[in-house]
$ cat query_5.cif   # mmCIF, C-alpha atoms
data_start
#
loop_
_atom_site.label_atom_id
_atom_site.label_comp_id
_atom_site.auth_asym_id
_atom_site.auth_seq_id
_atom_site.Cartn_x
_atom_site.Cartn_y
_atom_site.Cartn_z
CA MET A 904 -28.20 -0.65 -64.00
CA ALA A 905 -25.98 -0.29 -60.95
CA ARG A 906 -26.33 3.05 -59.32
CA ASP A 907 -23.36 4.72 -57.75
CA ILE A 908 -23.47 4.86 -54.00
CA PRO A 909 -22.75 8.43 -53.01
CA GLU A 910 -19.57 8.86 -50.95
CA ILE A 911 -20.00 9.85 -47.34
CA ASN A 912 -18.29 13.06 -46.46
CA ALA A 913 -15.71 12.16 -43.83
CA GLY A 914 -14.44 15.68 -43.39
CA SER A 915 -15.94 16.03 -39.93
CA MET A 916 -14.45 12.76 -38.69
CA ALA A 917 -11.42 14.66 -37.39
CA ASP A 918 -13.67 17.00 -35.45
CA ILE A 919 -15.44 14.09 -33.80
CA ALA A 920 -12.16 12.44 -32.89
CA PHE A 921 -10.82 15.70 -31.47
CA LEU A 922 -13.92 16.06 -29.36
CA LEU A 923 -13.45 12.58 -27.91
CA LEU A 924 -9.76 13.20 -27.37
CA ILE A 925 -10.41 16.38 -25.44
CA PHE A 926 -13.05 14.64 -23.37
CA PHE A 927 -10.57 11.96 -22.33
CA LEU A 928 -7.87 14.51 -21.64
CA VAL A 929 -10.13 16.34 -19.24
CA THR A 930 -11.69 13.43 -17.37
CA THR A 931 -8.61 11.30 -16.77
CA THR A 932 -5.42 11.62 -14.81
CA MET A 933 -2.02 10.19 -15.46
CA ASP A 934 -0.63 10.16 -11.94
CA LYS A 935 -0.58 6.86 -10.14
CA ASP A 936 -1.94 6.22 -6.69
CA GLN A 937 0.93 5.19 -4.50
CA ALA A 938 0.72 4.25 -0.88
CA TYR A 939 1.98 2.11 1.98
CA ILE A 940 -0.36 -0.77 2.67
CA ARG A 941 -0.68 -1.74 6.32
CA SER A 942 -3.03 -4.01 8.18
CA ILE A 943 -5.13 -3.07 11.13
CA PRO A 944 -5.23 -5.74 13.85
CA LYS A 945 -8.53 -7.56 14.17
CA LYS A 946 -10.67 -6.46 17.04
CA ILE A 947 -10.65 -9.12 19.73
CA GLU A 948 -12.06 -9.01 23.18
CA THR A 949 -9.78 -10.83 25.51
CA THR A 950 -9.01 -10.84 29.18
CA ILE A 951 -5.64 -12.48 28.73
CA PRO A 952 -2.92 -9.90 29.26
CA PRO A 953 -0.52 -9.61 26.32
CA VAL A 954 2.78 -11.44 26.55
CA PRO A 955 5.47 -9.02 27.68
CA VAL A 956 8.04 -8.36 24.98
CA GLU A 957 11.68 -7.94 25.86
CA GLN A 958 13.06 -4.44 25.48
CA ARG A 959 15.68 -5.66 23.02
CA CYS A 960 12.99 -6.85 20.59
CA ILE A 961 11.26 -3.49 20.28
CA MET A 962 12.28 -0.98 17.67
CA ALA A 963 10.29 1.94 18.98
CA ILE A 964 9.96 5.00 16.79
CA LYS A 965 8.28 7.79 18.67
CA ALA A 966 7.13 11.19 17.49
CA ASN A 967 5.57 13.81 19.68
CA ASN A 968 3.14 16.68 19.18
CA LYS A 969 6.00 18.97 18.18
CA ASN A 970 7.15 16.53 15.49
CA GLN A 971 10.29 15.59 17.37
CA LEU A 972 11.60 12.10 16.84
CA MET A 973 12.90 9.50 19.22
CA VAL A 974 14.23 6.16 18.05
CA ARG A 975 14.97 3.51 20.66
CA ASP A 976 14.96 6.16 23.41
CA GLU A 977 17.46 8.31 21.58
CA ILE A 978 16.56 11.72 20.22
CA MET A 979 16.96 11.92 16.48
CA THR A 980 16.99 15.09 14.45
CA ASP A 981 17.34 13.63 10.98
CA PRO A 982 14.45 11.35 10.00
CA ASP A 983 16.44 10.05 7.00
CA LYS A 984 18.58 8.05 9.41
CA ILE A 985 15.72 5.82 10.62
CA SER A 986 16.27 3.29 7.85
CA GLU A 987 19.88 2.83 8.94
CA ARG A 988 18.72 2.12 12.47
CA ILE A 989 16.27 -0.46 11.17
CA VAL A 990 19.01 -2.21 9.24
CA GLU A 991 21.14 -2.18 12.37
CA PHE A 992 18.22 -3.55 14.43
CA TYR A 993 17.90 -6.59 12.17
CA THR A 994 21.54 -7.28 11.42
CA LYS A 995 23.28 -6.67 14.76
CA ASN A 996 22.92 -10.23 16.04
CA GLU A 997 22.38 -11.89 12.69
CA LYS A 998 25.60 -13.89 12.77
CA VAL A 999 25.67 -14.45 16.52
CA THR A 1000 24.60 -17.71 18.11
CA GLY A 1001 23.64 -17.96 21.75
CA THR A 1002 22.91 -15.02 23.99
CA ASN A 1003 24.47 -11.67 23.60
CA ILE A 1004 24.53 -8.82 26.03
CA ASN A 1005 23.66 -6.06 23.55
CA ASN A 1006 20.23 -4.54 23.23
CA PHE A 1007 19.20 -6.05 19.88
CA PRO A 1008 16.89 -8.98 19.06
CA LEU A 1009 18.43 -12.44 19.08
CA TYR A 1010 18.41 -14.90 16.24
CA THR A 1011 17.46 -18.56 16.30
CA PHE A 1012 18.93 -21.02 13.84
CA SER A 1013 16.68 -23.94 12.92
CA SER A 1014 18.09 -26.97 11.15
CA MET A 1015 16.16 -29.18 8.72
CA GLY A 1016 15.87 -31.90 11.37
CA TYR A 1017 14.35 -29.48 13.83
CA ILE A 1018 11.80 -28.19 11.29
CA ASN A 1019 10.84 -31.74 10.25
CA GLY A 1020 10.37 -32.62 13.92
CA LYS A 1021 8.09 -29.62 14.37
CA ILE A 1022 6.05 -30.58 11.30
CA ASP A 1023 5.52 -34.14 12.61
CA GLU A 1024 4.66 -32.79 16.03
CA THR A 1025 2.09 -30.36 14.63
CA ILE A 1026 0.47 -33.03 12.44
CA ALA A 1027 0.20 -35.35 15.46
CA ARG A 1028 -1.35 -32.55 17.51
CA ALA A 1029 -3.85 -31.64 14.79
CA GLU A 1030 -4.94 -35.28 14.48
CA LYS A 1031 -5.31 -35.57 18.22
CA MET A 1032 -7.40 -32.39 18.30
CA GLU A 1033 -9.65 -33.65 15.54
CA ALA A 1034 -10.14 -36.96 17.34
CA GLU A 1035 -11.01 -35.19 20.58
CA GLU A 1036 -13.30 -32.76 18.76
CA PHE A 1037 -11.77 -29.45 19.67
CA SER A 1038 -13.37 -26.27 18.35
CA ASP A 1039 -12.91 -25.54 14.65
CA GLU A 1040 -10.94 -22.40 15.42
CA MET A 1041 -8.38 -24.33 17.43
CA ILE A 1042 -7.95 -26.91 14.69
CA GLU A 1043 -7.71 -24.21 12.05
CA PHE A 1044 -5.03 -22.46 14.09
CA THR A 1045 -3.01 -25.67 14.33
CA TYR A 1046 -3.21 -26.12 10.58
CA SER A 1047 -2.05 -22.56 10.01
CA GLN A 1048 0.93 -23.35 12.25
CA LEU A 1049 1.62 -26.43 10.15
CA ALA A 1050 1.54 -24.30 7.01
CA GLU A 1051 4.07 -21.93 8.63
CA TRP A 1052 6.47 -24.78 9.34
CA GLU A 1053 6.13 -26.15 5.84
CA LYS A 1054 6.83 -22.70 4.47
CA LYS A 1055 9.98 -22.60 6.58
CA LYS A 1056 11.01 -25.99 5.28
CA ARG A 1057 10.74 -24.78 1.69
CA ALA A 1058 12.55 -21.58 2.64
CA LEU A 1059 15.47 -23.47 4.17
CA LYS A 1060 15.79 -25.65 1.07
CA LEU A 1061 15.95 -22.55 -1.06
CA TYR A 1062 18.33 -20.82 1.36
CA GLY A 1063 20.86 -23.57 0.80
CA ALA A 1064 22.59 -23.36 4.18
CA SER A 1065 22.41 -25.93 6.98
CA THR A 1066 20.34 -23.67 9.23
CA LEU A 1067 17.71 -20.99 8.69
CA PRO A 1068 18.42 -17.81 10.65
CA GLU A 1069 15.32 -16.20 12.07
CA VAL A 1070 14.96 -13.07 14.10
CA ASP A 1071 13.12 -13.34 17.42
CA GLN A 1072 9.39 -14.00 16.89
CA THR A 1073 8.49 -11.00 19.03
CA ALA A 1074 10.82 -8.53 17.34
CA ASN A 1075 8.73 -5.68 16.05
CA ILE A 1076 8.84 -2.14 14.79
CA ARG A 1077 6.59 0.04 16.85
CA ILE A 1078 5.36 3.44 15.77
CA GLU A 1079 4.21 5.60 18.64
CA VAL A 1080 2.87 8.98 17.68
CA GLN A 1081 0.85 11.64 19.46
CA THR A 1082 -2.41 13.11 18.22
CA ALA A 1083 -0.91 16.29 16.77
CA THR A 1084 2.03 14.67 14.97
CA ASN A 1085 2.01 15.69 11.31
CA TYR A 1086 0.98 13.19 8.69
CA SER A 1087 4.13 14.08 6.75
CA LEU A 1088 6.29 12.79 9.62
CA PHE A 1089 4.09 9.73 10.08
CA SER A 1090 4.37 8.83 6.41
CA LYS A 1091 8.09 9.60 6.53
CA ILE A 1092 8.45 6.96 9.27
CA HIS A 1093 6.59 4.46 7.09
CA SER A 1094 8.76 5.41 4.14
CA GLU A 1095 11.93 4.85 6.16
CA ILE A 1096 10.71 1.48 7.45
CA GLN A 1097 9.95 0.43 3.90
CA GLU A 1098 13.38 1.62 2.78
CA GLY A 1099 15.17 -0.24 5.59
CA ILE A 1100 13.36 -3.52 5.02
CA TYR A 1101 13.85 -3.18 1.27
CA GLU A 1102 17.57 -2.68 1.73
CA LEU A 1103 17.88 -5.85 3.82
CA ARG A 1104 15.78 -8.00 1.52
CA ASN A 1105 17.40 -6.63 -1.60
CA LYS A 1106 20.89 -7.41 -0.32
CA GLU A 1107 19.86 -10.98 0.43
CA ALA A 1108 18.04 -11.31 -2.92
CA LEU A 1109 21.14 -10.18 -4.80
CA ARG A 1110 23.33 -12.60 -2.87
CA LEU A 1111 21.03 -15.62 -3.21
CA PHE A 1112 19.30 -15.16 -6.54
CA LYS A 1113 21.47 -12.53 -8.29
CA GLU A 1114 18.36 -10.44 -8.83
CA SER A 1115 17.03 -7.40 -7.08
CA TYR A 1116 14.03 -7.66 -4.77
CA THR A 1117 12.03 -5.26 -6.95
CA VAL A 1118 12.58 -7.45 -10.02
CA ILE A 1119 11.34 -10.58 -8.24
CA GLU A 1120 8.38 -8.73 -6.74
CA LYS A 1121 7.34 -7.15 -10.02
CA ARG A 1122 7.62 -10.43 -11.90
CA PHE A 1123 5.54 -12.17 -9.26
CA ASN A 1124 2.85 -9.52 -9.50
CA GLN A 1125 2.70 -10.09 -13.23
CA ASP A 1126 2.61 -13.87 -13.57
CA GLU A 1127 2.20 -15.15 -9.98
CA ASN A 1128 5.01 -17.61 -10.54
CA ASN A 1129 5.33 -20.22 -7.79
CA GLU A 1130 9.12 -20.06 -7.83
CA ASP A 1131 9.03 -16.33 -7.19
CA ARG A 1132 6.48 -16.82 -4.43
CA GLN A 1133 8.95 -19.09 -2.64
CA LYS A 1134 11.77 -16.61 -3.09
CA LEU A 1135 9.63 -13.84 -1.63
CA ASP A 1136 8.54 -16.10 1.23
CA LEU A 1137 12.16 -16.82 2.08
CA LEU A 1138 13.06 -13.13 2.10
CA GLU A 1139 10.04 -12.36 4.25
CA ILE A 1140 11.03 -15.06 6.74
CA LEU A 1141 14.58 -13.72 6.93
CA TYR A 1142 13.47 -10.13 7.43
CA PRO A 1143 9.86 -10.00 8.59
CA ALA A 1144 8.15 -6.63 8.72
CA ARG A 1145 6.09 -6.68 11.87
CA ILE A 1146 4.84 -3.15 12.23
CA ILE A 1147 2.72 -2.08 15.15
CA GLU A 1148 1.03 1.29 15.11
CA VAL A 1149 0.15 2.33 18.61
CA THR A 1150 -3.03 4.38 18.94
CA PRO A 1151 -2.13 7.69 20.61
CA LYS A 1152 -3.73 8.54 23.91
CA GLN A 1153 -6.19 11.42 23.81
CA MET B 813 9.24 34.87 -76.64
CA SER B 814 9.86 33.05 -73.47
CA LYS B 815 10.19 29.43 -72.68
CA PHE B 816 8.33 29.74 -69.44
CA LYS B 817 4.74 30.56 -69.68
CA LYS B 818 3.17 32.53 -66.95
CA ASP B 819 -0.43 31.58 -66.94
CA GLY B 820 -1.56 34.08 -64.41
CA ALA B 821 -2.33 33.37 -60.73
CA ARG B 822 -1.53 29.76 -59.87
CA LYS B 823 -3.39 28.08 -57.03
CA VAL B 824 -1.56 26.54 -54.06
CA PRO B 825 -2.67 22.92 -53.91
CA GLY B 826 -4.67 22.11 -50.78
CA VAL B 827 -3.06 19.93 -48.09
CA ASN B 828 -4.55 16.49 -47.97
CA THR B 829 -6.19 16.14 -44.59
CA SER B 830 -7.72 12.75 -45.08
CA SER B 831 -5.26 11.15 -42.63
CA LEU B 832 -5.96 13.69 -39.90
CA PRO B 833 -8.70 11.55 -38.28
CA ASP B 834 -6.25 8.64 -38.13
CA ILE B 835 -3.71 10.74 -36.27
CA VAL B 836 -6.26 12.08 -33.87
CA PHE B 837 -7.69 8.61 -33.23
CA MET B 838 -4.20 7.35 -32.51
CA LEU B 839 -3.76 10.10 -29.90
CA LEU B 840 -7.17 9.32 -28.49
CA PHE B 841 -6.37 5.65 -28.04
CA PHE B 842 -3.06 6.52 -26.45
CA PHE B 843 -4.76 8.63 -23.82
CA MET B 844 -7.51 6.08 -23.26
CA VAL B 845 -4.94 3.42 -22.50
CA ALA B 846 -2.35 5.45 -20.61
CA THR B 847 -4.60 7.25 -18.18
CA THR B 848 -7.08 6.26 -15.51
CA SER B 849 -10.35 7.98 -14.86
CA LYS B 850 -10.30 10.66 -12.23
CA GLU B 851 -11.78 10.20 -8.78
CA VAL B 852 -14.27 12.75 -7.65
CA ASP B 853 -12.68 16.09 -6.91
CA PRO B 854 -12.41 16.17 -3.15
CA THR B 855 -13.91 19.11 -1.29
CA VAL B 856 -10.83 19.30 0.87
CA GLU B 857 -7.35 20.43 -0.07
CA VAL B 858 -4.79 17.66 -0.06
CA THR B 859 -1.05 18.08 -0.65
CA PRO B 860 0.41 14.62 -0.25
CA PRO B 861 3.78 14.15 1.45
CA THR B 862 6.53 12.29 -0.38
CA GLY B 863 8.04 8.91 0.28
CA VAL B 864 10.04 6.11 -1.28
CA ARG B 865 9.39 2.41 -2.04
CA THR B 866 5.64 2.76 -2.28
CA THR B 867 3.17 0.21 -3.57
CA ASP B 868 1.34 1.05 -6.76
CA LEU B 869 -2.39 0.84 -6.20
CA THR B 870 -3.45 0.65 -9.86
CA PRO B 871 -4.02 -3.16 -9.87
CA TYR B 872 -6.31 -2.85 -6.83
CA LYS B 873 -8.12 0.02 -8.48
CA GLN B 874 -8.70 -2.01 -11.61
CA ARG B 875 -10.26 -4.74 -9.50
CA SER B 876 -12.21 -2.07 -7.56
CA GLU B 877 -10.80 -3.39 -4.32
CA ILE B 878 -10.12 0.03 -2.98
CA ASP B 879 -11.98 2.94 -1.42
CA PHE B 880 -10.53 6.41 -1.21
CA LEU B 881 -11.04 8.95 1.49
CA TYR B 882 -9.49 12.39 1.74
CA LEU B 883 -8.38 14.27 4.80
CA GLY B 884 -7.44 17.91 4.50
CA LYS B 885 -8.41 21.50 5.15
CA PRO B 886 -11.86 22.30 3.72
CA ARG B 887 -11.75 24.38 0.54
CA ASN B 888 -14.31 26.67 2.09
CA LYS B 889 -12.07 28.44 4.60
CA LYS B 890 -14.96 29.68 6.71
CA ARG B 891 -15.91 26.15 7.62
CA ALA B 892 -12.50 25.19 9.00
CA ALA B 893 -13.54 25.99 12.56
CA ASP B 894 -16.39 23.48 12.36
CA PHE B 895 -14.03 20.54 12.21
CA LYS B 896 -11.80 18.92 14.75
CA MET B 897 -8.32 20.43 14.51
CA GLY B 898 -9.43 22.28 11.34
CA TYR B 899 -9.27 19.19 9.14
CA ALA B 900 -12.26 17.74 7.38
CA LEU B 901 -12.82 14.33 5.91
CA SER B 902 -14.13 13.96 2.41
CA LEU B 903 -15.98 10.71 1.82
CA ASP B 904 -16.95 10.64 -1.82
CA ASN B 905 -17.63 14.34 -1.76
CA VAL B 906 -19.69 14.35 1.39
CA VAL B 907 -17.83 16.27 4.04
CA THR B 908 -18.24 14.59 7.35
CA ASN B 909 -16.57 15.37 10.61
CA VAL B 910 -14.09 12.72 11.62
CA VAL B 911 -15.10 12.62 15.23
CA ALA B 912 -17.47 14.29 17.74
CA ASP B 913 -20.57 16.27 16.73
CA GLU B 914 -23.73 14.39 15.87
CA LEU B 915 -22.03 12.75 12.97
CA TYR B 916 -19.77 10.88 15.29
CA THR B 917 -22.63 8.81 16.56
CA MET B 918 -23.49 7.97 12.97
CA ASN B 919 -20.14 6.30 12.75
CA ALA B 920 -19.44 8.18 9.54
CA VAL B 921 -16.44 6.26 8.27
CA GLY B 922 -17.79 2.91 9.39
CA THR B 923 -21.16 3.34 7.72
CA TRP B 924 -19.54 4.77 4.60
CA LYS B 925 -17.20 1.80 4.36
CA LYS B 926 -20.07 -0.63 4.85
CA ASP B 927 -22.23 1.13 2.25
CA LYS B 928 -19.42 1.06 -0.25
CA PHE B 929 -18.89 -2.61 0.39
CA ASP B 930 -22.56 -3.46 0.01
CA GLN B 931 -22.64 -1.64 -3.31
CA LYS B 932 -19.80 -3.64 -4.76
CA ALA B 933 -20.54 -6.98 -3.15
CA ALA B 934 -22.18 -8.34 -6.29
CA ARG B 935 -19.18 -8.23 -8.60
CA VAL B 936 -16.18 -7.99 -6.29
CA ASN B 937 -15.78 -11.25 -4.43
CA VAL B 938 -13.35 -10.25 -1.73
CA PRO B 939 -14.33 -10.09 1.93
CA ILE B 940 -14.50 -6.64 3.54
CA GLU B 941 -11.18 -7.39 5.28
CA GLY B 942 -9.52 -7.42 1.87
CA VAL B 943 -10.87 -4.13 0.55
CA ILE B 944 -8.20 -1.51 1.01
CA THR B 945 -9.11 1.89 2.36
CA CYS B 946 -6.71 4.45 1.00
CA VAL B 947 -6.32 7.53 3.16
CA LYS B 948 -5.15 10.50 1.17
CA ALA B 949 -4.17 12.92 3.86
CA ASP B 950 -2.68 16.36 3.69
CA GLU B 951 0.93 16.61 4.86
CA GLY B 952 -0.10 18.78 7.78
CA ALA B 953 -2.96 16.59 8.93
CA PRO B 954 -2.64 15.44 12.54
CA THR B 955 -2.09 11.70 12.93
CA GLY B 956 -4.65 11.57 15.72
CA LEU B 957 -7.36 11.86 13.07
CA ILE B 958 -5.82 9.01 11.09
CA PHE B 959 -6.00 6.82 14.14
CA ASP B 960 -9.65 7.84 14.58
CA ILE B 961 -10.27 6.57 11.04
CA ARG B 962 -8.36 3.38 11.82
CA LYS B 963 -10.52 2.82 14.88
CA GLN B 964 -13.70 3.16 12.82
CA LEU B 965 -12.40 0.81 10.18
CA GLN B 966 -11.44 -1.73 12.80
CA ASP B 967 -15.00 -1.67 14.10
CA VAL B 968 -16.42 -2.62 10.69
CA ASN B 969 -13.61 -5.10 10.00
CA GLY B 970 -12.05 -3.13 7.15
CA LEU B 971 -8.60 -4.30 8.10
CA LYS B 972 -6.47 -2.98 5.28
CA ILE B 973 -5.37 0.60 5.19
CA ALA B 974 -3.11 2.39 2.76
CA TYR B 975 -1.36 5.67 3.52
CA ALA B 976 -1.10 7.61 0.29
CA VAL B 977 2.09 9.49 -0.50
CA ARG B 978 3.67 10.81 -3.64
CA ASP B 979 6.59 8.63 -4.66
CA ASN B 980 9.62 10.79 -5.25
CA GLY B 981 10.98 8.60 -7.89
CA VAL B 982 13.92 6.56 -6.61
CA ASN B 983 13.52 2.98 -7.67
#

$ encode --input "query_5.cif" --output "structure tokens"
Amino acid sequence: MARDIPEINAGSMADIAFLLLIFFLVTTTMDKDQAYIRSIPKKIETTIPPVPVEQRCIMAIKANNKNQLMVRDEIMTDPDKISERIVEFYTKNEKVTGTNINNFPLYTFSSMGYINGKIDETIARAEKMEAEEFSDEMIEFTYSQLAEWEKKKRALKLYGASTLPEVDQTANIRIEVQTATNYSLFSKIHSEIQEGIYELRNKEALRLFKESYTVIEKRFNQDENNEDRQKLDLLEILYPARIIEVTPKQ
Amino acid sequence: MSKFKKDGARKVPGVNTSSLPDIVFMLLFFFMVATTSKEVDPTVEVTPPTGVRTTDLTPYKQRSEIDFLYLGKPRNKKRAADFKMGYALSLDNVVTNVVADELYTMNAVGTWKKDKFDQKAARVNVPIEGVITCVKADEGAPTGLIFDIRKQLQDVNGLKIAYAVRDNGVN
């Protein structure tokens, strides 16, 4: 004779679930961690003096102990305007070939033939270095140069024009602060740089791909699509973010 | 003689609560999915500044490729004078002075970063250069201290730094 299995009283199930719910409510947060990611230069000991950079290639943003701002040797009272100055810095000579007397970085325009020539030249040099048994670091460096040129080749193909405009290799954004400058101003400078660069890249992304930079970036982060990688590479070549943070003197 | 019989006090039927656990479980799962577990409560006070166009660090956090450090005024006001410029560094709840004192020679940030890296080396296969150090600094914190941290990180080859801000929403 089959005996009835007594039913389990599930009345306290809700209590248990509530307990768990409250535990999770207390121990977790909903806010995201958001930040500006920057790289610190690798520590190298060298006796070679650094290559002097032309004044026109430096976008210096300075802040002093009293949190006063100076952008390109001009006093600035409104930090919200920095992004505009960054856009100006990159776009002033963008359409200009040859030398120009103004104080902004120059552009070079490389054609497909020129890039192909450079690729062949670098391959030849790498082979020569391997044959002559140079140090591994030297050979590795040459290969990284080769990769750069190949990246440029792909970028130019995607760009669709006859030449690839590139801002001066030494053009950089330099943040010079003093020890007592507030972190809020320091992060504001980073925020403005990000905003300026975003504006430039976004404009180009909309023109070339009819999509915003954020959309491409987000999609790439999700599926690491090769096509998107190339689009991002092109935009990064057009408007590179070379940010130098100068250590303040004590 | 009435059509309607009044048979005394009638009982209100009880509400069926058998689906209550289901509802609560649903809420529970929602919170488990939508939130991330909290870091340790820092022993320093940090009010982050705001900024735009930030990078979301959640993917790095999920891969545990990130270490957090906090820079702010110590919660214990009496101790403020003990620290350089009144700001203390909170490394996983151990307050260490950023620079000077005896702790300076211990290379506090450097050793902390190295220890953290050694602990995760087994499952996270990124080199130390790739592990981001996220500095959560108070808006009033002097940048000089941030550069001190940078210097220490450079010495141990932790070459990625993230400056935490609160994104004020424009996207």

$ resolve_selection --input "query_5.cif" --expression "the PyMOL selection byres ((chain A) within 8 of (chain B))" --output "PyMOL selection string"
chain A and resi 914+916-918+920-921+923-924+927-928+930-946+1080-1087+1089-1091+1094-1095+1097-1098+1101+1150-1151

$ atom_distance --input "query_5.cif" --atom1 "atom CA of Glu1051 of chain A" --atom2 "atom CA of Thr1066 of chain A"
16.4 Å

$ resolve_selection --input "query_5.cif" --expression "the PyMOL selection byres ((chain A and resi 1075) around 7)" --output "PDB file with C-alpha atoms, in the frame of the given file"
ATOM      1  CA  CYS A 960      12.990  -6.850  20.590  1.00  0.00           C
ATOM      2  CA  ILE A 961      11.260  -3.490  20.280  1.00  0.00           C
ATOM      3  CA  MET A 962      12.280  -0.980  17.670  1.00  0.00           C
ATOM      4  CA  THR A1073       8.490 -11.000  19.030  1.00  0.00           C
ATOM      5  CA  ALA A1074      10.820  -8.530  17.340  1.00  0.00           C
ATOM      6  CA  ILE A1076       8.840  -2.140  14.790  1.00  0.00           C
ATOM      7  CA  ARG A1077       6.590   0.040  16.850  1.00  0.00           C
ATOM      8  CA  ARG A1145       6.090  -6.680  11.870  1.00  0.00           C
ATOM      9  CA  ILE A1146       4.840  -3.150  12.230  1.00  0.00           C
TER      10      ILE A1146
END

$ atom_distance --input "query_5.cif" --atom1 "atom CA of Glu857 of chain B" --atom2 "atom CA of Asp904 of chain B"
13.8 Å

$ resolve_selection --input "query_5.cif" --expression "the PyMOL selection byres ((chain A and resi 985) around 10)" --output "ChimeraX atom specification"
/A:964,972-974,979,981-984,986-991,1091-1096,1098-1099

$ atom_distance --input "query_5.cif" --atom1 "atom CA of Lys1060 of chain A" --atom2 "atom CA of Met1032 of chain A"
29.7 Å

$ closest_residue --input "query_5.cif" --among "B:Thr923, B:Asn937, B:Ser876, B:Ser902" --to "Thr855 of chain B" --atoms "all atoms listed in the file"
B:Ser902

$ closest_residue --input "query_5.cif" --among "B:Ile961, B:Asn980, B:Phe895, B:Val943" --to "Ile878 of chain B" --atoms "all atoms listed in the file"
B:Val943

$ residues_around --input "query_5.cif" --residues "Lys1054 of chain A" --least-positions-apart "4" --cutoff "12 Å" --atoms "all atoms listed in the file" --output "PyMOL selection string"
chain A and resi 1018-1019+1022+1047-1050+1058-1061+1067+1132-1140

$ write_last_selection --input "query_5.cif" --atoms "C-alpha atoms" --output "PDB file, keeping the file's coordinate frame"
ATOM      1  CA  ILE A1018      11.800 -28.190  11.290  1.00  0.00           C
ATOM      2  CA  ASN A1019      10.840 -31.740  10.250  1.00  0.00           C
ATOM      3  CA  ILE A1022       6.050 -30.580  11.300  1.00  0.00           C
ATOM      4  CA  SER A1047      -2.050 -22.560  10.010  1.00  0.00           C
ATOM      5  CA  GLN A1048       0.930 -23.350  12.250  1.00  0.00           C
ATOM      6  CA  LEU A1049       1.620 -26.430  10.150  1.00  0.00           C
ATOM      7  CA  ALA A1050       1.540 -24.300   7.010  1.00  0.00           C
ATOM      8  CA  ALA A1058      12.550 -21.580   2.640  1.00  0.00           C
ATOM      9  CA  LEU A1059      15.470 -23.470   4.170  1.00  0.00           C
ATOM     10  CA  LYS A1060      15.790 -25.650   1.070  1.00  0.00           C
ATOM     11  CA  LEU A1061      15.950 -22.550  -1.060  1.00  0.00           C
ATOM     12  CA  LEU A1067      17.710 -20.990   8.690  1.00  0.00           C
ATOM     13  CA  ARG A1132       6.480 -16.820  -4.430  1.00  0.00           C
ATOM     14  CA  GLN A1133       8.950 -19.090  -2.640  1.00  0.00           C
ATOM     15  CA  LYS A1134      11.770 -16.610  -3.090  1.00  0.00           C
ATOM     16  CA  LEU A1135       9.630 -13.840  -1.630  1.00  0.00           C
ATOM     17  CA  ASP A1136       8.540 -16.100   1.230  1.00  0.00           C
ATOM     18  CA  LEU A1137      12.160 -16.820   2.080  1.00  0.00           C
ATOM     19  CA  LEU A1138      13.060 -13.130   2.100  1.00  0.00           C
ATOM     20  CA  GLU A1139      10.040 -12.360   4.250  1.00  0.00           C
ATOM     21  CA  ILE A1140      11.030 -15.060   6.740  1.00  0.00           C
TER      22      ILE A1140
END

$ residues_around --input "query_5.cif" --residues "Tyr1010 of chain A" --least-positions-apart "3" --cutoff "8 Å" --atoms "all atoms listed in the file" --output "list of chain:residue names"
A:Asn996, A:Glu997, A:Val999, A:Thr1000, A:Pro1068, A:Glu1069, A:Val1070, A:Asp1071

$ closest_residue --input "query_5.cif" --among "A:Glu1127, A:Glu1114, A:Glu910, A:Glu1079" --to "Glu1148 of chain A" --atoms "all atoms listed in the file"
A:Glu1079

$ closest_residue --input "query_5.cif" --among "B:Trp924, B:Tyr872, B:Phe880, B:Tyr899" --to "Val856 of chain B" --atoms "all atoms listed in the file"
B:Tyr899
